[in-house]
Structure formats: structure tokens, C-alpha cells
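Pasting model.txt here (compact mmCIF, C-alpha atoms and all ligand atoms):
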```txt
# COMPACT_ATOMS: atom_id res chain seq x y z
CA MET A 1 -149.82 65.77 -104.22
CA SER A 2 -148.95 64.93 -107.84
CA THR A 3 -151.37 62.84 -109.85
CA LEU A 4 -148.96 59.91 -109.82
CA GLN A 5 -148.63 60.13 -106.04
CA GLU A 6 -152.41 60.07 -105.95
CA MET A 7 -152.29 56.94 -108.08
CA ALA A 8 -149.80 55.30 -105.72
CA GLU A 9 -152.10 56.16 -102.80
CA ALA A 10 -155.05 54.59 -104.64
CA VAL A 11 -152.99 51.40 -105.15
CA ILE A 12 -152.12 51.34 -101.44
CA CYS A 13 -155.81 51.73 -100.54
CA GLY A 14 -156.79 49.08 -103.09
CA ASN A 15 -159.08 51.45 -104.99
CA ALA A 16 -159.04 49.75 -108.42
CA LYS A 17 -161.64 52.09 -109.92
CA LYS A 18 -159.67 55.19 -108.98
CA VAL A 19 -156.39 53.68 -110.20
CA LYS A 20 -157.99 52.93 -113.58
CA GLU A 21 -159.45 56.45 -113.83
CA ILE A 22 -156.14 58.11 -112.97
CA ALA A 23 -154.31 55.83 -115.45
CA GLU A 24 -156.65 56.95 -118.23
CA LYS A 25 -156.31 60.61 -117.20
CA VAL A 26 -152.50 60.71 -117.02
CA LEU A 27 -152.20 58.81 -120.30
CA SER A 28 -154.42 61.39 -122.00
CA GLU A 29 -152.16 64.11 -120.55
CA GLY A 30 -149.24 62.51 -122.35
CA ILE A 31 -147.35 61.02 -119.40
CA ALA A 32 -145.21 58.08 -120.57
CA PRO A 33 -146.57 54.61 -119.73
CA GLN A 34 -143.26 53.58 -118.14
CA THR A 35 -143.37 56.64 -115.86
CA ILE A 36 -146.93 55.78 -114.83
CA ILE A 37 -145.90 52.21 -114.03
CA ASN A 38 -142.78 53.18 -112.09
CA ASP A 39 -143.92 56.32 -110.25
CA GLY A 40 -147.58 55.36 -109.77
CA LEU A 41 -148.25 51.62 -109.76
CA ILE A 42 -144.91 50.20 -108.60
CA ALA A 43 -144.40 53.04 -106.12
CA GLY A 44 -147.73 52.10 -104.51
CA MET A 45 -146.98 48.38 -104.39
CA ASN A 46 -143.57 49.08 -102.84
CA VAL A 47 -145.27 50.79 -99.92
CA VAL A 48 -147.69 47.86 -99.57
CA GLY A 49 -144.72 45.46 -99.56
CA VAL A 50 -143.04 47.29 -96.71
CA LYS A 51 -146.29 47.47 -94.71
CA PHE A 52 -146.87 43.73 -95.24
CA LYS A 53 -143.38 42.92 -94.05
CA ASN A 54 -143.90 45.05 -90.93
CA ASN A 55 -147.25 43.37 -90.22
CA GLU A 56 -149.06 46.68 -90.71
CA VAL A 57 -151.27 45.10 -93.38
CA TYR A 58 -152.19 41.45 -94.04
CA VAL A 59 -152.82 39.09 -96.96
CA PRO A 60 -156.28 40.45 -97.94
CA GLU A 61 -155.02 44.05 -98.15
CA VAL A 62 -152.08 42.95 -100.32
CA LEU A 63 -154.40 41.03 -102.66
CA ILE A 64 -156.71 44.04 -102.95
CA ALA A 65 -153.80 46.41 -103.61
CA ALA A 66 -152.43 44.01 -106.24
CA ARG A 67 -155.82 43.95 -107.92
CA ALA A 68 -155.81 47.75 -108.05
CA MET A 69 -152.30 47.71 -109.49
CA HIS A 70 -153.42 45.26 -112.19
CA ALA A 71 -156.39 47.51 -113.05
CA GLY A 72 -153.87 50.26 -113.83
CA MET A 73 -151.50 47.90 -115.65
CA ASP A 74 -154.36 46.76 -117.89
CA VAL A 75 -154.83 50.36 -119.06
CA VAL A 76 -151.17 51.25 -119.46
CA LYS A 77 -149.39 48.09 -120.61
CA PRO A 78 -150.95 47.82 -124.11
CA LEU A 79 -149.54 51.29 -124.86
CA LEU A 80 -145.97 50.37 -124.08
CA SER A 81 -144.07 49.79 -127.29
CA ALA A 82 -142.03 46.60 -127.25
CA SER A 83 -138.80 48.55 -126.78
CA GLU A 84 -140.25 50.49 -123.88
CA VAL A 85 -141.11 47.42 -121.84
CA GLN A 86 -138.35 47.37 -119.29
CA ASP A 87 -139.01 44.39 -117.11
CA LYS A 88 -136.44 44.17 -114.34
CA GLY A 89 -136.01 40.51 -115.18
CA ILE A 90 -137.96 37.30 -115.66
CA VAL A 91 -138.96 35.13 -112.71
CA LEU A 92 -140.52 31.72 -113.27
CA ILE A 93 -142.50 30.59 -110.25
CA GLY A 94 -144.42 27.48 -109.27
CA THR A 95 -145.45 25.19 -106.44
CA VAL A 96 -143.49 21.93 -106.40
CA LYS A 97 -144.71 18.46 -107.26
CA GLY A 98 -147.40 16.98 -105.02
CA ASP A 99 -148.31 20.36 -103.54
CA LEU A 100 -151.50 22.27 -104.38
CA HIS A 101 -151.06 25.28 -102.08
CA ASP A 102 -150.82 28.47 -104.12
CA ILE A 103 -151.96 31.43 -102.02
CA GLY A 104 -148.43 32.33 -100.91
CA LYS A 105 -147.00 31.73 -104.36
CA ASN A 106 -149.62 34.01 -105.91
CA LEU A 107 -148.78 36.70 -103.39
CA VAL A 108 -145.09 36.45 -104.25
CA ARG A 109 -145.99 36.62 -107.94
CA MET A 110 -148.07 39.75 -107.46
CA MET A 111 -145.43 41.52 -105.40
CA LEU A 112 -142.77 40.69 -108.01
CA GLU A 113 -145.04 41.98 -110.77
CA GLY A 114 -145.69 45.07 -108.69
CA ALA A 115 -141.94 45.58 -108.41
CA GLY A 116 -141.49 45.46 -112.19
CA TYR A 117 -140.61 41.82 -112.87
CA LYS A 118 -142.14 39.76 -115.64
CA VAL A 119 -143.43 36.64 -113.90
CA ILE A 120 -144.20 33.33 -115.55
CA ASP A 121 -146.45 31.35 -113.23
CA VAL A 122 -146.31 27.62 -113.99
CA GLY A 123 -148.96 26.77 -111.40
CA VAL A 124 -149.10 24.04 -108.78
CA ASP A 125 -147.99 20.40 -108.58
CA VAL A 126 -145.09 21.11 -110.94
CA SER A 127 -142.61 18.26 -111.46
CA PRO A 128 -138.86 18.94 -111.70
CA GLU A 129 -139.03 17.96 -115.38
CA LYS A 130 -141.81 20.49 -116.00
CA PHE A 131 -139.78 23.23 -114.29
CA VAL A 132 -136.81 22.45 -116.53
CA GLN A 133 -139.00 22.46 -119.63
CA ALA A 134 -140.50 25.84 -118.66
CA VAL A 135 -137.04 27.28 -117.91
CA GLU A 136 -135.83 26.23 -121.35
CA GLU A 137 -138.89 27.82 -122.93
CA HIS A 138 -139.02 31.12 -121.02
CA LYS A 139 -135.34 31.64 -120.12
CA PRO A 140 -135.89 33.30 -116.71
CA GLN A 141 -133.00 34.62 -114.62
CA ILE A 142 -134.68 33.43 -111.42
CA VAL A 143 -136.80 30.40 -110.55
CA GLY A 144 -139.04 30.57 -107.47
CA LEU A 145 -140.15 27.36 -105.80
CA SER A 146 -142.97 27.22 -103.26
CA ALA A 147 -143.86 24.34 -100.91
CA LEU A 148 -146.28 24.25 -97.99
CA LEU A 149 -145.99 20.59 -96.99
CA THR A 150 -143.10 18.92 -95.21
CA THR A 151 -143.72 15.97 -97.55
CA THR A 152 -143.26 18.06 -100.71
CA MET A 153 -140.29 20.20 -99.59
CA VAL A 154 -138.01 17.38 -100.74
CA ASN A 155 -139.17 18.02 -104.29
CA MET A 156 -137.42 21.40 -104.11
CA LYS A 157 -134.15 19.51 -103.82
CA SER A 158 -134.82 17.32 -106.85
CA THR A 159 -135.91 20.38 -108.85
CA ILE A 160 -132.71 22.25 -107.95
CA GLU A 161 -130.64 19.20 -108.90
CA LEU A 162 -132.31 18.96 -112.29
CA LEU A 163 -131.84 22.70 -112.89
CA GLU A 164 -128.15 22.55 -112.07
CA SER A 165 -126.87 22.88 -115.62
CA HIS A 166 -129.16 25.86 -116.32
CA PRO A 167 -128.05 29.46 -115.75
CA VAL A 168 -130.73 30.37 -113.22
CA LYS A 169 -130.77 31.44 -109.59
CA VAL A 170 -133.24 29.55 -107.43
CA MET A 171 -135.13 31.14 -104.55
CA ILE A 172 -137.43 29.13 -102.34
CA GLY A 173 -140.17 29.78 -99.81
CA GLY A 174 -143.27 28.48 -98.09
CA ALA A 175 -144.27 28.10 -94.45
CA PRO A 176 -142.15 25.00 -93.59
CA VAL A 177 -139.06 26.23 -95.48
CA THR A 178 -136.11 27.71 -93.58
CA GLN A 179 -132.76 29.29 -94.43
CA LYS A 180 -131.11 26.15 -93.05
CA PHE A 181 -133.09 23.95 -95.43
CA ALA A 182 -132.29 26.31 -98.32
CA ASP A 183 -128.57 26.00 -97.53
CA GLU A 184 -128.83 22.22 -97.28
CA ILE A 185 -130.43 21.79 -100.71
CA GLY A 186 -128.26 24.38 -102.45
CA ALA A 187 -130.89 27.06 -103.11
CA ASP A 188 -129.46 30.50 -103.91
CA ALA A 189 -131.89 32.30 -101.63
CA TYR A 190 -134.77 31.88 -99.17
CA ALA A 191 -137.45 34.43 -98.32
CA PRO A 192 -139.95 34.13 -95.47
CA ASP A 193 -142.45 36.49 -97.13
CA ALA A 194 -143.39 38.14 -100.41
CA ALA A 195 -141.78 41.52 -99.70
CA THR A 196 -138.46 39.88 -98.87
CA ALA A 197 -138.80 37.81 -102.05
CA VAL A 198 -138.70 41.06 -104.05
CA GLU A 199 -135.63 42.28 -102.16
CA LEU A 200 -133.96 38.93 -102.79
CA ALA A 201 -134.75 38.95 -106.49
CA ASP A 202 -133.21 42.44 -106.73
CA LYS A 203 -130.10 41.18 -104.93
CA LEU A 204 -129.83 38.04 -107.07
CA LEU A 205 -129.84 40.15 -110.23
CA ALA A 206 -127.57 42.92 -108.92
C1 LIG B 301 -155.08 27.19 -97.30
C2 LIG B 301 -154.53 25.84 -96.95
C3 LIG B 301 -154.90 24.75 -97.74
C4 LIG B 301 -155.77 24.90 -98.98
C5 LIG B 301 -154.89 25.41 -100.12
C6 LIG B 301 -155.65 26.36 -101.05
C7 LIG B 301 -154.72 27.03 -102.00
N1 LIG B 301 -155.25 27.32 -103.15
O1 LIG B 301 -153.56 27.30 -101.72
C8 LIG B 301 -156.28 23.43 -99.19
C9 LIG B 301 -157.57 23.25 -98.45
C10 LIG B 301 -156.44 22.98 -100.63
C11 LIG B 301 -155.20 22.65 -98.45
C12 LIG B 301 -154.97 21.31 -98.66
C13 LIG B 301 -154.08 20.54 -97.90
N2 LIG B 301 -153.38 20.97 -96.81
CO1 LIG B 301 -153.21 22.84 -96.34
N3 LIG B 301 -153.14 24.51 -95.50
C14 LIG B 301 -153.65 25.68 -95.83
C15 LIG B 301 -153.27 26.71 -94.74
C16 LIG B 301 -154.49 26.86 -93.84
C17 LIG B 301 -152.87 28.10 -95.21
C18 LIG B 301 -151.74 28.17 -96.24
C19 LIG B 301 -151.68 29.56 -96.80
O2 LIG B 301 -152.20 29.83 -97.86
N4 LIG B 301 -151.07 30.50 -96.05
C20 LIG B 301 -151.03 31.93 -96.41
C21 LIG B 301 -149.86 32.23 -97.33
C22 LIG B 301 -149.86 33.72 -97.69
O3 LIG B 301 -148.67 31.95 -96.64
P1 LIG B 301 -147.54 31.03 -97.25
O4 LIG B 301 -148.10 30.06 -98.20
O5 LIG B 301 -146.66 30.58 -96.16
O6 LIG B 301 -146.69 32.04 -98.18
C23 LIG B 301 -145.88 33.08 -97.70
C24 LIG B 301 -144.42 32.66 -97.41
O7 LIG B 301 -144.31 31.32 -97.03
C25 LIG B 301 -143.68 33.00 -98.66
N5 LIG B 301 -143.65 32.09 -99.80
C26 LIG B 301 -144.54 31.17 -100.21
N6 LIG B 301 -144.19 30.60 -101.35
C27 LIG B 301 -143.02 31.18 -101.72
C28 LIG B 301 -142.20 30.97 -102.84
C29 LIG B 301 -141.04 31.70 -102.96
C30 LIG B 301 -140.18 31.48 -104.16
C31 LIG B 301 -140.67 32.63 -101.95
C32 LIG B 301 -139.40 33.35 -102.08
C33 LIG B 301 -141.49 32.84 -100.84
C34 LIG B 301 -142.66 32.12 -100.74
O8 LIG B 301 -144.33 34.19 -99.09
C35 LIG B 301 -145.73 34.06 -98.86
C36 LIG B 301 -146.31 35.43 -98.64
O9 LIG B 301 -145.72 36.10 -97.61
C37 LIG B 301 -152.07 26.01 -94.04
C38 LIG B 301 -151.85 26.38 -92.58
C39 LIG B 301 -150.85 27.47 -92.40
N7 LIG B 301 -151.09 28.25 -91.38
O10 LIG B 301 -149.90 27.61 -93.14
C40 LIG B 301 -152.43 24.53 -94.25
C41 LIG B 301 -151.31 23.48 -94.27
C42 LIG B 301 -150.14 23.98 -95.08
N8 LIG B 301 -151.94 22.37 -94.99
C43 LIG B 301 -151.62 21.20 -94.49
C44 LIG B 301 -152.09 19.96 -94.98
C45 LIG B 301 -151.68 18.72 -94.19
C46 LIG B 301 -152.89 19.88 -96.13
C47 LIG B 301 -153.46 18.61 -96.77
C48 LIG B 301 -152.50 17.40 -96.82
C49 LIG B 301 -154.74 18.28 -96.00
C50 LIG B 301 -155.42 16.97 -96.36
N9 LIG B 301 -155.29 16.04 -95.45
O11 LIG B 301 -155.98 16.86 -97.42
C51 LIG B 301 -153.86 19.08 -98.16
C52 LIG B 301 -152.74 18.88 -99.17
C53 LIG B 301 -153.13 19.21 -100.56
C54 LIG B 301 -151.91 19.21 -101.44
N10 LIG B 301 -151.58 18.10 -102.08
O12 LIG B 301 -151.25 20.23 -101.53
C55 LIG B 301 -150.64 21.35 -93.32
C56 LIG B 301 -149.22 20.98 -93.68
C57 LIG B 301 -148.54 20.18 -92.59
C58 LIG B 301 -147.15 19.87 -92.93
N11 LIG B 301 -146.30 20.10 -91.99
O13 LIG B 301 -146.81 19.44 -93.99
C59 LIG B 301 -150.87 22.83 -92.89
C60 LIG B 301 -149.65 23.48 -92.25
C61 LIG B 301 -152.07 22.82 -91.90
C62 LIG B 301 -151.75 22.10 -90.61
N12 LIG B 301 -151.39 22.80 -89.56
O14 LIG B 301 -151.85 20.91 -90.54
N13 LIG B 301 -154.54 23.43 -97.55
```

Show me, as C-alpha cells, the structure contained in the file I just sent.
Amino acid sequence: MSTLQEMAEAVICGNAKKVKEIAEKVLSEGIAPQTIINDGLIAGMNVVGVKFKNNEVYVPEVLIAARAMHAGMDVVKPLLSASEVQDKGIVLIGTVKGDLHDIGKNLVRMMLEGAGYKVIDVGVDVSPEKFVQAVEEHKPQIVGLSALLTTTMVNMKSTIELLESHPVKVMIGGAPVTQKFADEIGADAYAPDAATAVELADKLLA
């Protein structure tokens, strides 16, 4: 097994210490940071994403794998020169107004980061106006909206309406959200889980 495959395995197992050690080792051997990110860290998170989707692993395992991935990122990212940073795209994500649930949103954020996206997390209880302000500031290609309450889902609609004149694709998710609801409120995409959210983001930018 190559050292980068070993790194991917360590991400999958959630072994942050080992990921950090391998990151330091391969950097000292002169392997390019972008190669380490793509073939080690992201490769590992991709496997975790598929396993999560297939119910082979659950939320805690994904969180632990994401932590291991971040341990590697912390070592490698400072060494990427500005021109080398090849984020796949920018996703701005937040939980809509009135809603404080953020576990699912954080999971989606981590999977997107693991897949190579730059993610701006605007937090919870985010008003449509705040989303628009953040979009104007960060210029993402995709906005992700999360809602866990039937009473706050409606705020996805008002956020989408306010974002209408901005060149962004909107994807939505959260336990009560459905494809039917997404169609009704004019969202560009709906994902039932974090792994599908990554697939969708890839499709939206293709
Ligand atoms: C944890 C939890 C809380 C925690 C939240 C902690 C936190 N930091 O998030 C606390 C205790 C604070 C809380 C509070 C409340 N909660 Co609560 N909570 C839950 C609970 C148990 C789990 C939610 C969760 O984290 N699931 C795990 C994650 C991983 O799943 P997920 O969020 O669905 O996310 C996945 C997908 O949906 C998707 N996804 C999520 N977001 C996004 C975004 C995008 C862009 C995409 C593409 C995909 C995507 O990907 C994720 C990963 O696969 C649910 C019950 C349940 N089973 O859902 C109730 C639940 C959501 N809560 C409920 C209620 C009523 C409340 C309160 C009103 C309770 C009260 N009376 O005070 C308050 C409301 C507070 C507020 N204003 O938001 C109800 C909602 C009922 C309804 N139909 O609206 C539920 C369903 C419980 C119930 N059966 O009654 N809650």
C-alpha cells in the first residue's frame, strides 16, 4: 500500500494522530500538498461518504473521520501557495431563521470540505437578509440551507426568494425536507444526506 493509501485508510478509521504523522512524513519527502489532499485526505473522506450513504457507518464515525481529515489539512494547507489552492468551488451553508439545529449542517459542511470545497459556514438562525449579505461578501456558487423544524422550513422559501437576483444555486436539506418541497419552493437541489449533498454540489457545478 502506498503511503497516501495508508493516509486515506487512517482517515477512514478516524486515526487523527496517524493522519498527522503521515502528513508530516510525506511533506518531508517532497510530495505536493495538493496531491496529499486529493489522494490521501479527500480519497479517505470519499470512502466514508459512500459508507455513510449505505448505512455502513453512522454519524459518530463520520465526525471522527472528518476530525482526522482536518488534522491532516492543518499540516498541509499552510504549505499550499495561493495559486495551488484549487477549491472545487465555494459553498455557503447555514441553518435558516428560527432554527438552532446544526448537527446535520455541520456534517454536510465536513463532507463538502472533505470533497475539496471551500465552505463558508454562516451558522444557525440565519435570516434571509443575512444569507444575502453573506452571499454578496463571499460570492459562493452554491448556497446550502438546512432546516429541522416544520415551522422553519418556510424560511427556506423566503431565503430563496430574496436570493433570486443572485447567481447562486440553492440546495436544501434537513429531516423534514423533501424533493417535493424543494420543487415547490424553487430550490435547485435537495439531498437527504451529506454524501448525496456532495454529489449534488458536483452536479450543480458541472
Ligand atoms: C438534536 C436535536 C435537537 C438539539 C439540537 C442540537 C444541535 N446543535 O443541533 C436541541 C436540543 C437544541 C433541539 C431543540 C429543539 N428541537 Co430538536 N431535535 C434534535 C433531534 C433529536 C436530532 C436532530 C439531528 O441532529 N439529527 C442528526 C442529523 C445528522 O440529521 P439531520 O439534521 O437530518 O441532517 C442530515 C440530513 O437531513 C441532511 N441535511 C441536513 N441539513 C442539510 C443541509 C443541506 C444543504 C443538505 C443538502 C442536506 C442537509 O444531511 C444531514 C446528514 O446526513 C431531532 C429528532 C430527529 N430524529 O431528527 C429533534 C427535532 C428536530 N427537534 C424538534 C423540536 C420540536 C425541537 C424544539 C422546538 C424543542 C423545544 N420544544 O424546545 C427545539 C427547537 C430549537 C430551535 N429553535 O431550533 C422536533 C421537530 C418537529 C417538527 N416536525 O418540526 C424533532 C423532529 C424531534 C421530535 N420528534 O419532536 N433539538

| said: Just to confirm, what's the straight-line distance from CA of Phe131 (chain A) to atom C54 of ligand LIG 301 (chain B) in Å (one decimal)? | reply: 18.1 Å

| query | How many Å lie between CA of Leu41 (chain A) and CA of Ala8 (chain A), rounded to one decimal? | reply | 5.7 Å

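Considering only C-alpha atoms, the residue among A:Pro60, A:Gly89, A:Gly144, A:Pro167 positioned nearest to Lys105 (chain A) is A:Gly144.
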
| request: Could you give me the residues within 9 Å of ligand LIG 301 (chain B), counting only C-alpha atoms and all ligand atoms, as a ChimeraX atom specification? | output: /A:52-53,58-59,93-95,97-109,124-125,143-153,170-177,189-198,200-201

Could you dump the residues just selected with C-alpha atoms as a tab-separated table (two decimals), in the coordinates of the input?
```
chain	number	residue	atom	x	y	z
A	52	PHE	CA	-146.87	43.73	-95.24
A	53	LYS	CA	-143.38	42.92	-94.05
A	58	TYR	CA	-152.19	41.45	-94.04
A	59	VAL	CA	-152.82	39.09	-96.96
A	93	ILE	CA	-142.50	30.59	-110.25
A	94	GLY	CA	-144.42	27.48	-109.27
A	95	THR	CA	-145.45	25.19	-106.44
A	97	LYS	CA	-144.71	18.46	-107.26
A	98	GLY	CA	-147.40	16.98	-105.02
A	99	ASP	CA	-148.31	20.36	-103.54
A	100	LEU	CA	-151.50	22.27	-104.38
A	101	HIS	CA	-151.06	25.28	-102.08
A	102	ASP	CA	-150.82	28.47	-104.12
A	103	ILE	CA	-151.96	31.43	-102.02
A	104	GLY	CA	-148.43	32.33	-100.91
A	105	LYS	CA	-147.00	31.73	-104.36
A	106	ASN	CA	-149.62	34.01	-105.91
A	107	LEU	CA	-148.78	36.70	-103.39
A	108	VAL	CA	-145.09	36.45	-104.25
A	109	ARG	CA	-145.99	36.62	-107.94
A	124	VAL	CA	-149.10	24.04	-108.78
A	125	ASP	CA	-147.99	20.40	-108.58
A	143	VAL	CA	-136.80	30.40	-110.55
A	144	GLY	CA	-139.04	30.57	-107.47
A	145	LEU	CA	-140.15	27.36	-105.80
A	146	SER	CA	-142.97	27.22	-103.26
A	147	ALA	CA	-143.86	24.34	-100.91
A	148	LEU	CA	-146.28	24.25	-97.99
A	149	LEU	CA	-145.99	20.59	-96.99
A	150	THR	CA	-143.10	18.92	-95.21
A	151	THR	CA	-143.72	15.97	-97.55
A	152	THR	CA	-143.26	18.06	-100.71
A	153	MET	CA	-140.29	20.20	-99.59
A	170	VAL	CA	-133.24	29.55	-107.43
A	171	MET	CA	-135.13	31.14	-104.55
A	172	ILE	CA	-137.43	29.13	-102.34
A	173	GLY	CA	-140.17	29.78	-99.81
A	174	GLY	CA	-143.27	28.48	-98.09
A	175	ALA	CA	-144.27	28.10	-94.45
A	176	PRO	CA	-142.15	25.00	-93.59
A	177	VAL	CA	-139.06	26.23	-95.48
A	189	ALA	CA	-131.89	32.30	-101.63
A	190	TYR	CA	-134.77	31.88	-99.17
A	191	ALA	CA	-137.45	34.43	-98.32
A	192	PRO	CA	-139.95	34.13	-95.47
A	193	ASP	CA	-142.45	36.49	-97.13
A	194	ALA	CA	-143.39	38.14	-100.41
A	195	ALA	CA	-141.78	41.52	-99.70
A	196	THR	CA	-138.46	39.88	-98.87
A	197	ALA	CA	-138.80	37.81	-102.05
A	198	VAL	CA	-138.70	41.06	-104.05
A	200	LEU	CA	-133.96	38.93	-102.79
A	201	ALA	CA	-134.75	38.95	-106.49
```

| said: I'd like the neighbourhood of Gly186 (chain A) as number ranges by chain, where a residue qualifies if any of its atoms comes within 9 Å (using all atoms listed in the file), though same-chain residues fewer than 3 positions away should be ignored. | reply: A: 157, 160-161, 170, 181-183, 189

Write out the residues from the selection above, keeping C-alpha atoms, as an mmCIF file, in the coordinates of the input.
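The result, written out as result.cif:
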```cif
data_model
loop_
_atom_site.group_PDB
_atom_site.id
_atom_site.type_symbol
_atom_site.label_atom_id
_atom_site.label_comp_id
_atom_site.auth_asym_id
_atom_site.auth_seq_id
_atom_site.Cartn_x
_atom_site.Cartn_y
_atom_site.Cartn_z
ATOM 1 C CA LYS A 157 -134.150 19.510 -103.820
ATOM 2 C CA ILE A 160 -132.710 22.250 -107.950
ATOM 3 C CA GLU A 161 -130.640 19.200 -108.900
ATOM 4 C CA VAL A 170 -133.240 29.550 -107.430
ATOM 5 C CA PHE A 181 -133.090 23.950 -95.430
ATOM 6 C CA ALA A 182 -132.290 26.310 -98.320
ATOM 7 C CA ASP A 183 -128.570 26.000 -97.530
ATOM 8 C CA ALA A 189 -131.890 32.300 -101.630
#
```

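Using only C-alpha atoms, the protein and nucleic acid residues lying no more than 9 Å from Ala115 (chain A), apart from those fewer than 3 places from it along its own chain, are Asn38, Leu41, Ile42, Ala43, Met45, Asn46, Lys88, Met110, Met111, Leu112 and Val198 of chain A.
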
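Coordinates place CA of Asp39 (chain A) at a distance of 12.7 Å from CA of Val19 (chain A).
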
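Among A:Ala10, A:Lys77, A:Met1, A:Ala16, the residue with the shortest atom-to-atom distance to Ile37 (chain A), counting only C-alpha atoms, is A:Lys77.
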
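Among the candidates A:Lys51, A:Lys25, A:Lys203, A:Lys18, the residue lying nearest to Met69 (chain A) is A:Lys18 (atoms considered: only C-alpha atoms).
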
| query | Counting all atoms listed in the file, which residues come within 12 Å of (-139.5, 33.3, -122.0), with the point read in the file's coordinates, and could you list them as a ChimeraX atom specification? | reply | /A:89-92,118-122,133-142

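Of the listed residues (A:Ala68, A:Val48, A:Leu63, A:Ile185), A:Ala68 comes nearest to Met7 (chain A); the distances count only C-alpha atoms.
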
| said: as a VMD selection string, please: the residues near Leu163 (chain A) (cut-off 8 Å, all atoms listed in the file, same-chain neighbours under 4 positions excluded). | reply: chain A and resid 132 159 168

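For the residues A:Leu162, A:Ile36, A:Val75, A:Leu27, ranking by smallest atom-to-atom distance to Gly116 (chain A) using all atoms listed in the file places A:Ile36 first.
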
N, CA, C and O atoms are what I want for region 189-204 of chain A; can you complete it accordingly and write them as a PDB file, in the coordinates of the input?
```pdb
ATOM      1  N   ALA A 189    -131.308  31.358-102.572  1.00  0.00           N
ATOM      2  CA  ALA A 189    -131.890  32.300-101.630  1.00  0.00           C
ATOM      3  C   ALA A 189    -133.189  31.745-101.044  1.00  0.00           C
ATOM      4  O   ALA A 189    -133.866  30.901-101.643  1.00  0.00           O
ATOM      5  N   TYR A 190    -133.506  32.232 -99.839  1.00  0.00           N
ATOM      6  CA  TYR A 190    -134.770  31.880 -99.170  1.00  0.00           C
ATOM      7  C   TYR A 190    -135.422  33.163 -98.680  1.00  0.00           C
ATOM      8  O   TYR A 190    -134.740  34.053 -98.158  1.00  0.00           O
ATOM      9  N   ALA A 191    -136.736  33.263 -98.860  1.00  0.00           N
ATOM     10  CA  ALA A 191    -137.450  34.430 -98.320  1.00  0.00           C
ATOM     11  C   ALA A 191    -138.649  33.956 -97.513  1.00  0.00           C
ATOM     12  O   ALA A 191    -139.402  33.093 -97.952  1.00  0.00           O
ATOM     13  N   PRO A 192    -138.824  34.518 -96.317  1.00  0.00           N
ATOM     14  CA  PRO A 192    -139.950  34.130 -95.470  1.00  0.00           C
ATOM     15  C   PRO A 192    -141.277  34.779 -95.892  1.00  0.00           C
ATOM     16  O   PRO A 192    -142.335  34.359 -95.442  1.00  0.00           O
ATOM     17  N   ASP A 193    -141.211  35.824 -96.718  1.00  0.00           N
ATOM     18  CA  ASP A 193    -142.450  36.490 -97.130  1.00  0.00           C
ATOM     19  C   ASP A 193    -142.264  37.144 -98.499  1.00  0.00           C
ATOM     20  O   ASP A 193    -141.153  37.206 -99.028  1.00  0.00           O
ATOM     21  N   ALA A 194    -143.383  37.640 -99.036  1.00  0.00           N
ATOM     22  CA  ALA A 194    -143.390  38.140-100.410  1.00  0.00           C
ATOM     23  C   ALA A 194    -142.558  39.415-100.585  1.00  0.00           C
ATOM     24  O   ALA A 194    -141.916  39.594-101.618  1.00  0.00           O
ATOM     25  N   ALA A 195    -142.557  40.275 -99.572  1.00  0.00           N
ATOM     26  CA  ALA A 195    -141.780  41.520 -99.700  1.00  0.00           C
ATOM     27  C   ALA A 195    -140.292  41.197 -99.732  1.00  0.00           C
ATOM     28  O   ALA A 195    -139.530  41.758-100.527  1.00  0.00           O
ATOM     29  N   THR A 196    -139.871  40.272 -98.868  1.00  0.00           N
ATOM     30  CA  THR A 196    -138.460  39.880 -98.870  1.00  0.00           C
ATOM     31  C   THR A 196    -138.096  39.186-100.173  1.00  0.00           C
ATOM     32  O   THR A 196    -136.965  39.312-100.658  1.00  0.00           O
ATOM     33  N   ALA A 197    -139.064  38.472-100.775  1.00  0.00           N
ATOM     34  CA  ALA A 197    -138.800  37.810-102.050  1.00  0.00           C
ATOM     35  C   ALA A 197    -138.411  38.831-103.116  1.00  0.00           C
ATOM     36  O   ALA A 197    -137.509  38.584-103.922  1.00  0.00           O
ATOM     37  N   VAL A 198    -139.043  39.997-103.091  1.00  0.00           N
ATOM     38  CA  VAL A 198    -138.700  41.060-104.050  1.00  0.00           C
ATOM     39  C   VAL A 198    -137.284  41.570-103.786  1.00  0.00           C
ATOM     40  O   VAL A 198    -136.474  41.702-104.704  1.00  0.00           O
ATOM     41  N   GLU A 199    -136.977  41.811-102.515  1.00  0.00           N
ATOM     42  CA  GLU A 199    -135.630  42.280-102.160  1.00  0.00           C
ATOM     43  C   GLU A 199    -134.572  41.284-102.623  1.00  0.00           C
ATOM     44  O   GLU A 199    -133.518  41.639-103.149  1.00  0.00           O
ATOM     45  N   LEU A 200    -134.900  39.990-102.408  1.00  0.00           N
ATOM     46  CA  LEU A 200    -133.960  38.930-102.790  1.00  0.00           C
ATOM     47  C   LEU A 200    -133.743  38.881-104.287  1.00  0.00           C
ATOM     48  O   LEU A 200    -132.615  38.738-104.758  1.00  0.00           O
ATOM     49  N   ALA A 201    -134.852  38.994-105.031  1.00  0.00           N
ATOM     50  CA  ALA A 201    -134.750  38.950-106.490  1.00  0.00           C
ATOM     51  C   ALA A 201    -133.860  40.097-106.958  1.00  0.00           C
ATOM     52  O   ALA A 201    -132.977  39.901-107.796  1.00  0.00           O
ATOM     53  N   ASP A 202    -134.046  41.290-106.371  1.00  0.00           N
ATOM     54  CA  ASP A 202    -133.210  42.440-106.730  1.00  0.00           C
ATOM     55  C   ASP A 202    -131.736  42.120-106.465  1.00  0.00           C
ATOM     56  O   ASP A 202    -130.871  42.406-107.278  1.00  0.00           O
ATOM     57  N   LYS A 203    -131.489  41.497-105.300  1.00  0.00           N
ATOM     58  CA  LYS A 203    -130.100  41.180-104.930  1.00  0.00           C
ATOM     59  C   LYS A 203    -129.514  40.135-105.873  1.00  0.00           C
ATOM     60  O   LYS A 203    -128.373  40.243-106.303  1.00  0.00           O
ATOM     61  N   LEU A 204    -130.327  39.119-106.206  1.00  0.00           N
ATOM     62  CA  LEU A 204    -129.830  38.040-107.070  1.00  0.00           C
ATOM     63  C   LEU A 204    -129.435  38.560-108.446  1.00  0.00           C
ATOM     64  O   LEU A 204    -128.548  38.013-109.096  1.00  0.00           O
TER      65      LEU A 204
END
```
